[in-house]
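File shown: entry.cif. Contents: mmCIF, C-alpha atoms.
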```cif
data_entry
#
loop_
_atom_site.group_PDB
_atom_site.id
_atom_site.type_symbol
_atom_site.label_atom_id
_atom_site.label_comp_id
_atom_site.auth_asym_id
_atom_site.auth_seq_id
_atom_site.Cartn_x
_atom_site.Cartn_y
_atom_site.Cartn_z
ATOM 1 C CA MET A 1 0.000 0.000 0.000
ATOM 2 C CA MET A 2 2.847 2.362 0.822
ATOM 3 C CA LEU A 3 4.425 1.723 -2.563
ATOM 4 C CA ARG A 4 1.143 2.366 -4.306
ATOM 5 C CA LYS A 5 0.679 5.591 -2.396
ATOM 6 C CA GLU A 6 4.136 6.801 -3.328
ATOM 7 C CA GLY A 7 3.511 5.815 -6.927
ATOM 8 C CA ASN A 8 0.334 7.877 -6.982
ATOM 9 C CA GLN A 9 2.172 10.877 -5.601
ATOM 10 C CA HIS A 10 4.704 10.676 -8.393
ATOM 11 C CA ALA A 11 1.994 9.997 -10.983
ATOM 12 C CA ALA A 12 0.117 13.199 -10.112
ATOM 13 C CA PRO A 13 2.652 16.018 -10.283
ATOM 14 C CA HIS A 14 1.634 19.623 -10.680
ATOM 15 C CA THR A 15 0.548 19.576 -14.285
ATOM 16 C CA HIS A 16 -1.608 21.585 -16.604
ATOM 17 C CA GLY A 17 -2.049 19.063 -19.355
ATOM 18 C CA ALA A 18 0.294 18.368 -22.226
ATOM 19 C CA GLU A 19 2.540 21.288 -23.050
ATOM 20 C CA ARG A 20 2.859 22.022 -26.757
ATOM 21 C CA GLY A 21 4.326 24.587 -29.075
ATOM 22 C CA LEU A 22 2.307 27.509 -30.382
ATOM 23 C CA SER A 23 2.018 26.651 -34.083
ATOM 24 C CA ARG A 24 -1.364 24.894 -33.934
ATOM 25 C CA PHE A 25 -2.533 27.149 -31.093
ATOM 26 C CA GLU A 26 -1.850 30.278 -33.136
ATOM 27 C CA GLY A 27 -3.108 28.695 -36.351
ATOM 28 C CA PHE A 28 -6.489 27.908 -34.800
ATOM 29 C CA SER A 29 -6.735 31.350 -33.197
ATOM 30 C CA ASP A 30 -5.835 33.084 -36.451
ATOM 31 C CA ALA A 31 -8.522 31.071 -38.246
ATOM 32 C CA VAL A 32 -11.157 32.212 -35.744
ATOM 33 C CA PHE A 33 -10.056 35.831 -36.159
ATOM 34 C CA ALA A 34 -10.164 35.480 -39.958
ATOM 35 C CA ILE A 35 -13.665 33.993 -39.915
ATOM 36 C CA ALA A 36 -14.918 36.633 -37.459
ATOM 37 C CA LEU A 37 -13.587 39.424 -39.686
ATOM 38 C CA THR A 38 -14.877 37.827 -42.890
ATOM 39 C CA LEU A 39 -18.405 37.316 -41.575
ATOM 40 C CA LEU A 40 -18.786 41.038 -40.865
ATOM 41 C CA ILE A 41 -19.459 41.917 -44.499
ATOM 42 C CA VAL A 42 -21.836 38.966 -44.888
ATOM 43 C CA GLU A 43 -24.202 40.696 -42.464
ATOM 44 C CA ILE A 44 -24.664 43.569 -44.894
ATOM 45 C CA LYS A 45 -27.304 42.573 -47.440
ATOM 46 C CA VAL A 46 -27.038 44.183 -50.854
ATOM 47 C CA PRO A 47 -30.118 46.201 -51.894
ATOM 48 C CA GLY A 48 -32.183 44.147 -54.273
ATOM 49 C CA SER A 49 -30.813 40.802 -53.092
ATOM 50 C CA PRO A 50 -33.310 38.283 -51.650
ATOM 51 C CA ASP A 51 -32.536 39.303 -48.059
ATOM 52 C CA GLY A 52 -31.644 42.930 -48.779
ATOM 53 C CA PRO A 53 -33.684 46.146 -48.918
ATOM 54 C CA GLN A 54 -36.517 46.101 -51.427
ATOM 55 C CA GLY A 55 -38.838 48.633 -53.039
ATOM 56 C CA TYR A 56 -36.356 51.498 -53.350
ATOM 57 C CA SER A 57 -36.389 54.040 -56.175
ATOM 58 C CA ASP A 58 -32.776 55.152 -55.907
ATOM 59 C CA LEU A 59 -29.909 52.698 -55.376
ATOM 60 C CA ILE A 60 -27.555 55.298 -53.853
ATOM 61 C CA SER A 61 -30.187 56.256 -51.286
ATOM 62 C CA ALA A 62 -30.828 52.597 -50.491
ATOM 63 C CA ILE A 63 -27.117 52.038 -49.861
ATOM 64 C CA ALA A 64 -26.917 55.250 -47.784
ATOM 65 C CA GLU A 65 -29.725 53.964 -45.591
ATOM 66 C CA GLN A 66 -27.431 51.093 -44.651
ATOM 67 C CA ARG A 67 -25.028 53.505 -42.943
ATOM 68 C CA ARG A 68 -25.559 51.849 -39.583
ATOM 69 C CA GLU A 69 -24.531 48.538 -41.114
ATOM 70 C CA PHE A 70 -21.310 50.083 -42.410
ATOM 71 C CA LEU A 71 -20.656 51.783 -39.061
ATOM 72 C CA ALA A 72 -20.994 48.404 -37.355
ATOM 73 C CA LEU A 73 -18.619 46.876 -39.916
ATOM 74 C CA ALA A 74 -16.003 49.562 -39.273
ATOM 75 C CA LEU A 75 -16.223 49.381 -35.470
ATOM 76 C CA CYS A 76 -16.126 45.582 -35.418
ATOM 77 C CA TYR A 77 -13.135 45.581 -37.730
ATOM 78 C CA VAL A 78 -11.283 48.028 -35.480
ATOM 79 C CA VAL A 79 -12.050 46.108 -32.285
ATOM 80 C CA ILE A 80 -11.317 42.628 -33.641
ATOM 81 C CA GLY A 81 -8.339 43.934 -35.611
ATOM 82 C CA ALA A 82 -6.809 45.538 -32.511
ATOM 83 C CA TYR A 83 -7.057 42.249 -30.636
ATOM 84 C CA TRP A 84 -5.592 40.342 -33.571
ATOM 85 C CA ILE A 85 -2.624 42.723 -33.631
ATOM 86 C CA GLN A 86 -2.046 42.097 -29.926
ATOM 87 C CA HIS A 87 -2.514 38.360 -30.436
ATOM 88 C CA HIS A 88 0.114 38.478 -33.198
ATOM 89 C CA TYR A 89 2.402 40.555 -30.969
ATOM 90 C CA SER A 90 2.056 38.162 -28.031
ATOM 91 C CA GLY A 91 3.404 35.359 -30.193
ATOM 92 C CA ARG A 92 6.826 36.640 -29.144
ATOM 93 C CA ILE A 93 5.846 36.608 -25.469
ATOM 94 C CA TYR A 94 4.175 33.229 -25.061
ATOM 95 C CA ALA A 95 6.450 30.286 -25.769
ATOM 96 C CA LYS A 96 4.081 27.327 -25.397
ATOM 97 C CA SER A 97 0.548 26.301 -24.481
ATOM 98 C CA ASP A 98 -1.043 23.876 -22.077
ATOM 99 C CA HIS A 99 -4.553 22.672 -21.265
ATOM 100 C CA TRP A 100 -5.814 25.571 -19.152
ATOM 101 C CA PHE A 101 -4.142 28.185 -21.293
ATOM 102 C CA SER A 102 -5.998 26.705 -24.271
ATOM 103 C CA VAL A 103 -9.282 26.744 -22.336
ATOM 104 C CA ILE A 104 -8.842 30.406 -21.442
ATOM 105 C CA ASN A 105 -7.943 31.156 -25.051
ATOM 106 C CA LEU A 106 -11.179 29.497 -26.159
ATOM 107 C CA LEU A 107 -13.097 31.852 -23.852
ATOM 108 C CA PHE A 108 -11.202 34.778 -25.339
ATOM 109 C CA LEU A 109 -12.014 33.612 -28.875
ATOM 110 C CA LEU A 110 -15.675 33.231 -27.886
ATOM 111 C CA ALA A 111 -15.658 36.872 -26.803
ATOM 112 C CA ILE A 112 -14.099 37.821 -30.155
ATOM 113 C CA VAL A 113 -16.757 35.908 -32.103
ATOM 114 C CA VAL A 114 -19.572 37.440 -30.029
ATOM 115 C CA ILE A 115 -18.328 41.055 -30.019
ATOM 116 C CA PRO A 116 -20.072 41.983 -33.311
ATOM 117 C CA TYR A 117 -23.436 41.512 -31.570
ATOM 118 C CA PRO A 118 -23.099 44.274 -28.921
ATOM 119 C CA VAL A 119 -21.429 46.484 -31.525
ATOM 120 C CA ARG A 120 -24.403 46.073 -33.862
ATOM 121 C CA VAL A 121 -26.859 46.605 -31.004
ATOM 122 C CA TRP A 122 -25.239 49.961 -30.312
ATOM 123 C CA CYS A 123 -24.945 51.000 -33.961
ATOM 124 C CA PHE A 124 -28.606 50.269 -34.668
ATOM 125 C CA HIS A 125 -29.822 52.087 -31.555
ATOM 126 C CA TYR A 126 -27.473 55.071 -31.631
ATOM 127 C CA GLY A 127 -29.571 58.226 -31.459
ATOM 128 C CA THR A 128 -32.710 56.410 -30.356
ATOM 129 C CA ASP A 129 -34.429 56.097 -26.986
ATOM 130 C CA PHE A 130 -32.628 52.777 -26.513
ATOM 131 C CA GLU A 131 -29.130 54.231 -26.901
ATOM 132 C CA PRO A 132 -28.370 54.283 -23.131
ATOM 133 C CA VAL A 133 -29.076 50.556 -22.764
ATOM 134 C CA ALA A 134 -27.296 49.758 -26.017
ATOM 135 C CA SER A 135 -24.248 51.709 -24.828
ATOM 136 C CA VAL A 136 -24.007 49.697 -21.627
ATOM 137 C CA ILE A 137 -24.351 46.469 -23.623
ATOM 138 C CA LEU A 138 -21.522 47.524 -25.952
ATOM 139 C CA VAL A 139 -19.154 48.666 -23.217
ATOM 140 C CA ALA A 140 -19.870 45.565 -21.122
ATOM 141 C CA GLY A 141 -19.100 43.368 -24.141
ATOM 142 C CA LEU A 142 -15.782 45.159 -24.660
ATOM 143 C CA ALA A 143 -14.958 44.818 -20.955
ATOM 144 C CA VAL A 144 -15.627 41.074 -21.001
ATOM 145 C CA THR A 145 -13.339 40.679 -24.010
ATOM 146 C CA ALA A 146 -10.594 42.618 -22.227
ATOM 147 C CA CYS A 147 -11.018 40.462 -19.119
ATOM 148 C CA THR A 148 -10.589 37.241 -21.105
ATOM 149 C CA TRP A 149 -7.436 38.655 -22.683
ATOM 150 C CA MET A 150 -6.128 39.584 -19.242
ATOM 151 C CA ALA A 151 -7.022 36.137 -17.907
ATOM 152 C CA LYS A 152 -4.608 34.629 -20.447
ATOM 153 C CA TRP A 153 -1.913 37.026 -19.297
ATOM 154 C CA PHE A 154 -2.422 36.356 -15.594
ATOM 155 C CA TYR A 155 -2.420 32.603 -16.219
ATOM 156 C CA GLY A 156 0.861 32.768 -18.088
ATOM 157 C CA MET A 157 2.689 35.030 -15.625
ATOM 158 C CA PRO A 158 3.192 32.884 -12.475
ATOM 159 C CA GLY A 159 6.571 31.226 -12.862
ATOM 160 C CA ARG A 160 6.533 32.148 -16.579
ATOM 161 C CA ARG A 161 4.151 29.197 -16.948
ATOM 162 C CA VAL A 162 3.750 29.521 -20.721
ATOM 163 C CA MET A 163 5.889 32.589 -21.358
ATOM 164 C CA ASP A 164 9.352 32.852 -22.866
ATOM 165 C CA GLN A 165 11.753 32.400 -19.956
ATOM 166 C CA ARG A 166 14.267 34.719 -21.622
ATOM 167 C CA LEU A 167 12.066 37.823 -21.447
ATOM 168 C CA ALA A 168 13.333 40.555 -19.134
ATOM 169 C CA PRO A 169 11.300 40.946 -15.916
ATOM 170 C CA ASP A 170 10.979 44.717 -16.409
ATOM 171 C CA PHE A 171 9.446 44.160 -19.861
ATOM 172 C CA LEU A 172 6.814 41.784 -18.468
ATOM 173 C CA ARG A 173 6.019 44.246 -15.680
ATOM 174 C CA GLN A 174 5.629 46.999 -18.261
ATOM 175 C CA MET A 175 3.215 44.938 -20.352
ATOM 176 C CA THR A 176 1.309 43.835 -17.249
ATOM 177 C CA ARG A 177 0.758 47.499 -16.392
ATOM 178 C CA ARG A 178 -0.330 48.325 -19.932
ATOM 179 C CA TYR A 179 -2.788 45.468 -20.274
ATOM 180 C CA GLY A 180 -3.936 45.743 -16.662
ATOM 181 C CA ILE A 181 -4.653 49.476 -16.845
ATOM 182 C CA ALA A 182 -6.438 49.041 -20.179
ATOM 183 C CA THR A 183 -8.637 46.311 -18.706
ATOM 184 C CA LEU A 184 -9.446 48.419 -15.642
ATOM 185 C CA VAL A 185 -10.329 51.372 -17.863
ATOM 186 C CA GLN A 186 -12.733 49.220 -19.852
ATOM 187 C CA ILE A 187 -14.323 47.892 -16.670
ATOM 188 C CA VAL A 188 -14.690 51.427 -15.289
ATOM 189 C CA ALA A 189 -16.234 52.479 -18.621
ATOM 190 C CA VAL A 190 -19.269 50.312 -17.813
ATOM 191 C CA PRO A 191 -20.567 52.434 -14.892
ATOM 192 C CA ILE A 192 -19.571 55.548 -16.834
ATOM 193 C CA ALA A 193 -21.798 54.351 -19.687
ATOM 194 C CA VAL A 194 -24.672 53.970 -17.233
ATOM 195 C CA VAL A 195 -24.407 57.648 -16.266
ATOM 196 C CA ALA A 196 -23.105 59.109 -19.538
ATOM 197 C CA PRO A 197 -23.628 56.593 -22.369
ATOM 198 C CA ARG A 198 -21.619 58.296 -25.096
ATOM 199 C CA VAL A 199 -18.729 59.115 -22.780
ATOM 200 C CA GLY A 200 -18.538 55.480 -21.670
ATOM 201 C CA VAL A 201 -18.534 54.269 -25.268
ATOM 202 C CA ALA A 202 -15.862 56.811 -26.216
ATOM 203 C CA VAL A 203 -13.616 55.759 -23.309
ATOM 204 C CA ALA A 204 -13.919 52.069 -24.178
ATOM 205 C CA LEU A 205 -13.292 52.575 -27.901
ATOM 206 C CA LEU A 206 -10.332 54.914 -27.333
ATOM 207 C CA CYS A 207 -8.817 52.267 -25.081
ATOM 208 C CA ILE A 208 -9.168 49.734 -27.906
ATOM 209 C CA ALA A 209 -7.711 52.200 -30.409
ATOM 210 C CA PHE A 210 -4.607 52.631 -28.240
ATOM 211 C CA PHE A 211 -3.654 49.040 -28.970
ATOM 212 C CA LEU A 212 -3.613 49.735 -32.689
ATOM 213 C CA LEU A 213 -0.374 51.586 -31.962
ATOM 214 C CA PRO A 214 2.985 49.747 -31.869
ATOM 215 C CA GLN A 215 3.740 48.181 -28.500
ATOM 216 C CA PRO A 216 7.188 48.069 -26.843
ATOM 217 C CA LYS A 217 9.743 45.835 -28.477
ATOM 218 C CA PRO A 218 10.230 42.675 -26.362
ATOM 219 C CA ARG A 219 13.315 42.922 -24.155
ATOM 220 C CA TYR A 220 15.335 39.922 -23.048
ATOM 221 C CA VAL A 221 17.758 39.004 -20.309
ATOM 222 C CA PRO A 222 21.232 40.114 -21.489
ATOM 223 C CA GLY A 223 22.940 37.356 -23.435
ATOM 224 C CA GLU A 224 19.696 35.427 -24.041
ATOM 225 C CA GLU A 225 18.269 37.429 -26.934
ATOM 226 C CA PRO A 226 16.862 35.296 -29.802
ATOM 227 C CA ASP A 227 18.721 35.503 -33.088
ATOM 228 C CA GLU A 228 17.230 37.122 -36.185
ATOM 229 C CA ASP A 229 16.133 33.807 -37.673
ATOM 230 C CA GLU A 230 14.094 32.985 -34.567
ATOM 231 C CA LYS A 231 12.563 36.469 -34.468
ATOM 232 C CA LEU A 232 11.392 36.178 -38.062
ATOM 233 C CA LYS A 233 10.242 32.566 -37.829
ATOM 234 C CA GLU A 234 6.528 32.147 -38.407
#
```

Could you quickly redo this structure as C-alpha cells?
Amino acid sequence: MMLRKEGNQHAAPHTHGAERGLSRFEGFSDAVFAIALTLLIVEIKVPGSPDGPQGYSDLISAIAEQRREFLALALCYVVIGAYWIQHHYSGRIYAKSDHWFSVINLLFLLAIVVIPYPVRVWCFHYGTDFEPVASVILVAGLAVTACTWMAKWFYGMPGRRVMDQRLAPDFLRQMTRRYGIATLVQIVAVPIAVVAPRVGVAVALLCIAFFLLPQPKPRYVPGEEPDEDEKLKE
C-alpha cells in the first residue's frame, strides 16, 4: 500500500495538461479571427438581393440607408483587428501552451466571435431612446473581451508558466501594467456608460484604439536574446 501511495504521488505532479508549441494554437486562433472578420461583411445585405432592402427608387439612397450597417462593420473591424494585432504581438511573449491556457484562449475567442453583436446593437440604436441601454451592452461586451485577454496574461505570468523564460522581468512588468490598466479602464467604462452613455462608449473605444499603436519591443535578459532567424520565424 505504501508503494502504491508513493507511486500515486509521483503519478500526479503539478501539471496543466500536455505542453505544446504555439504553431497549432496560433493557427487555430488566427482562423477564428479570420472567420470573425470575414463574416462582418456577410451581415450587410445588398439592396435588391433576396434578403436585402426592397422597393427602393434610388440605389444610392438605399445604400446610404445602410449607414448603420457600415458603421458596425467599421467598429467591429477596429475592435477585432486591434485584438488580432495584440494576439500576433504576443506570439513573441508566449512560448508554449497547455490545457488551461488553451481553455482560457477558447473563452477569449468566444468573446471575439460574439463582439459583433453588442457592436451592432449599439450602432442600430445610436440616437434612439434605446441608446443608453445599447451603450451599456456595448461597453460591457468590450470589458468582457478585455477580461478574457487579461485572464490569459495572468495565467501565463506565475513562474513564466507559458511565457518565454528569456524575457526581461521589467518588460513583463511593463506589459502587465499596460494590459492591466487598459482592462481596468474598460471595466470602469461600464458604470460611466450607465451615467453618460456616449462618454462610456468613447472611453472604451479609445482604449481599444490605443492598442492599434505599436507596442514596446520585447526585451530579453542580457545574453539570451533570440537571433534574427528565430525572431522572423513564423

For His125 in chain A, the closest of A:Ala62, A:Ile137, A:Cys147, A:Ala204 counting all atoms listed in the file is A:Ile137

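Among the candidate residues A:Val46, A:Leu109, A:Ile93, A:Val78, the one lying nearest to Phe28 in chain A is A:Leu109, with distances computed using only C-alpha atoms.
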
With the file shown as input, list the residues that the PyMOL selection byres ((chain A and resi 130-134) around 9) selects, as a PDB file with C-alpha atoms, in the coordinates of the input.
```
ATOM      1  CA  PRO A 118     -23.099  44.274 -28.921  1.00  0.00           C
ATOM      2  CA  VAL A 119     -21.429  46.484 -31.525  1.00  0.00           C
ATOM      3  CA  VAL A 121     -26.859  46.605 -31.004  1.00  0.00           C
ATOM      4  CA  TRP A 122     -25.239  49.961 -30.312  1.00  0.00           C
ATOM      5  CA  CYS A 123     -24.945  51.000 -33.961  1.00  0.00           C
ATOM      6  CA  PHE A 124     -28.606  50.269 -34.668  1.00  0.00           C
ATOM      7  CA  HIS A 125     -29.822  52.087 -31.555  1.00  0.00           C
ATOM      8  CA  TYR A 126     -27.473  55.071 -31.631  1.00  0.00           C
ATOM      9  CA  GLY A 127     -29.571  58.226 -31.459  1.00  0.00           C
ATOM     10  CA  THR A 128     -32.710  56.410 -30.356  1.00  0.00           C
ATOM     11  CA  ASP A 129     -34.429  56.097 -26.986  1.00  0.00           C
ATOM     12  CA  SER A 135     -24.248  51.709 -24.828  1.00  0.00           C
ATOM     13  CA  VAL A 136     -24.007  49.697 -21.627  1.00  0.00           C
ATOM     14  CA  ILE A 137     -24.351  46.469 -23.623  1.00  0.00           C
ATOM     15  CA  LEU A 138     -21.522  47.524 -25.952  1.00  0.00           C
ATOM     16  CA  VAL A 139     -19.154  48.666 -23.217  1.00  0.00           C
ATOM     17  CA  ALA A 193     -21.798  54.351 -19.687  1.00  0.00           C
ATOM     18  CA  VAL A 194     -24.672  53.970 -17.233  1.00  0.00           C
ATOM     19  CA  VAL A 195     -24.407  57.648 -16.266  1.00  0.00           C
ATOM     20  CA  ALA A 196     -23.105  59.109 -19.538  1.00  0.00           C
ATOM     21  CA  PRO A 197     -23.628  56.593 -22.369  1.00  0.00           C
ATOM     22  CA  ARG A 198     -21.619  58.296 -25.096  1.00  0.00           C
TER      23      ARG A 198
END
```

query: So what does the PyMOL selection byres ((chain A and resi 161) around 12) actually pick up in this one, as number ranges by chain?
result: A: 14-16, 19, 93-101, 152-160, 162-165

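Among A:Tyr56, A:Met150, A:Val203, A:Gln215, the residue with the shortest atom-to-atom distance to Gly180 in chain A, counting all atoms listed in the file, is A:Met150.
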
**Report entry** Who sits within 7 Å of range 143-145 of chain A, only C-alpha atoms, same chain under 5 positions skipped, as a PyMOL selection string
**Finding:** chain A and resi 108+111-112+183+186-187
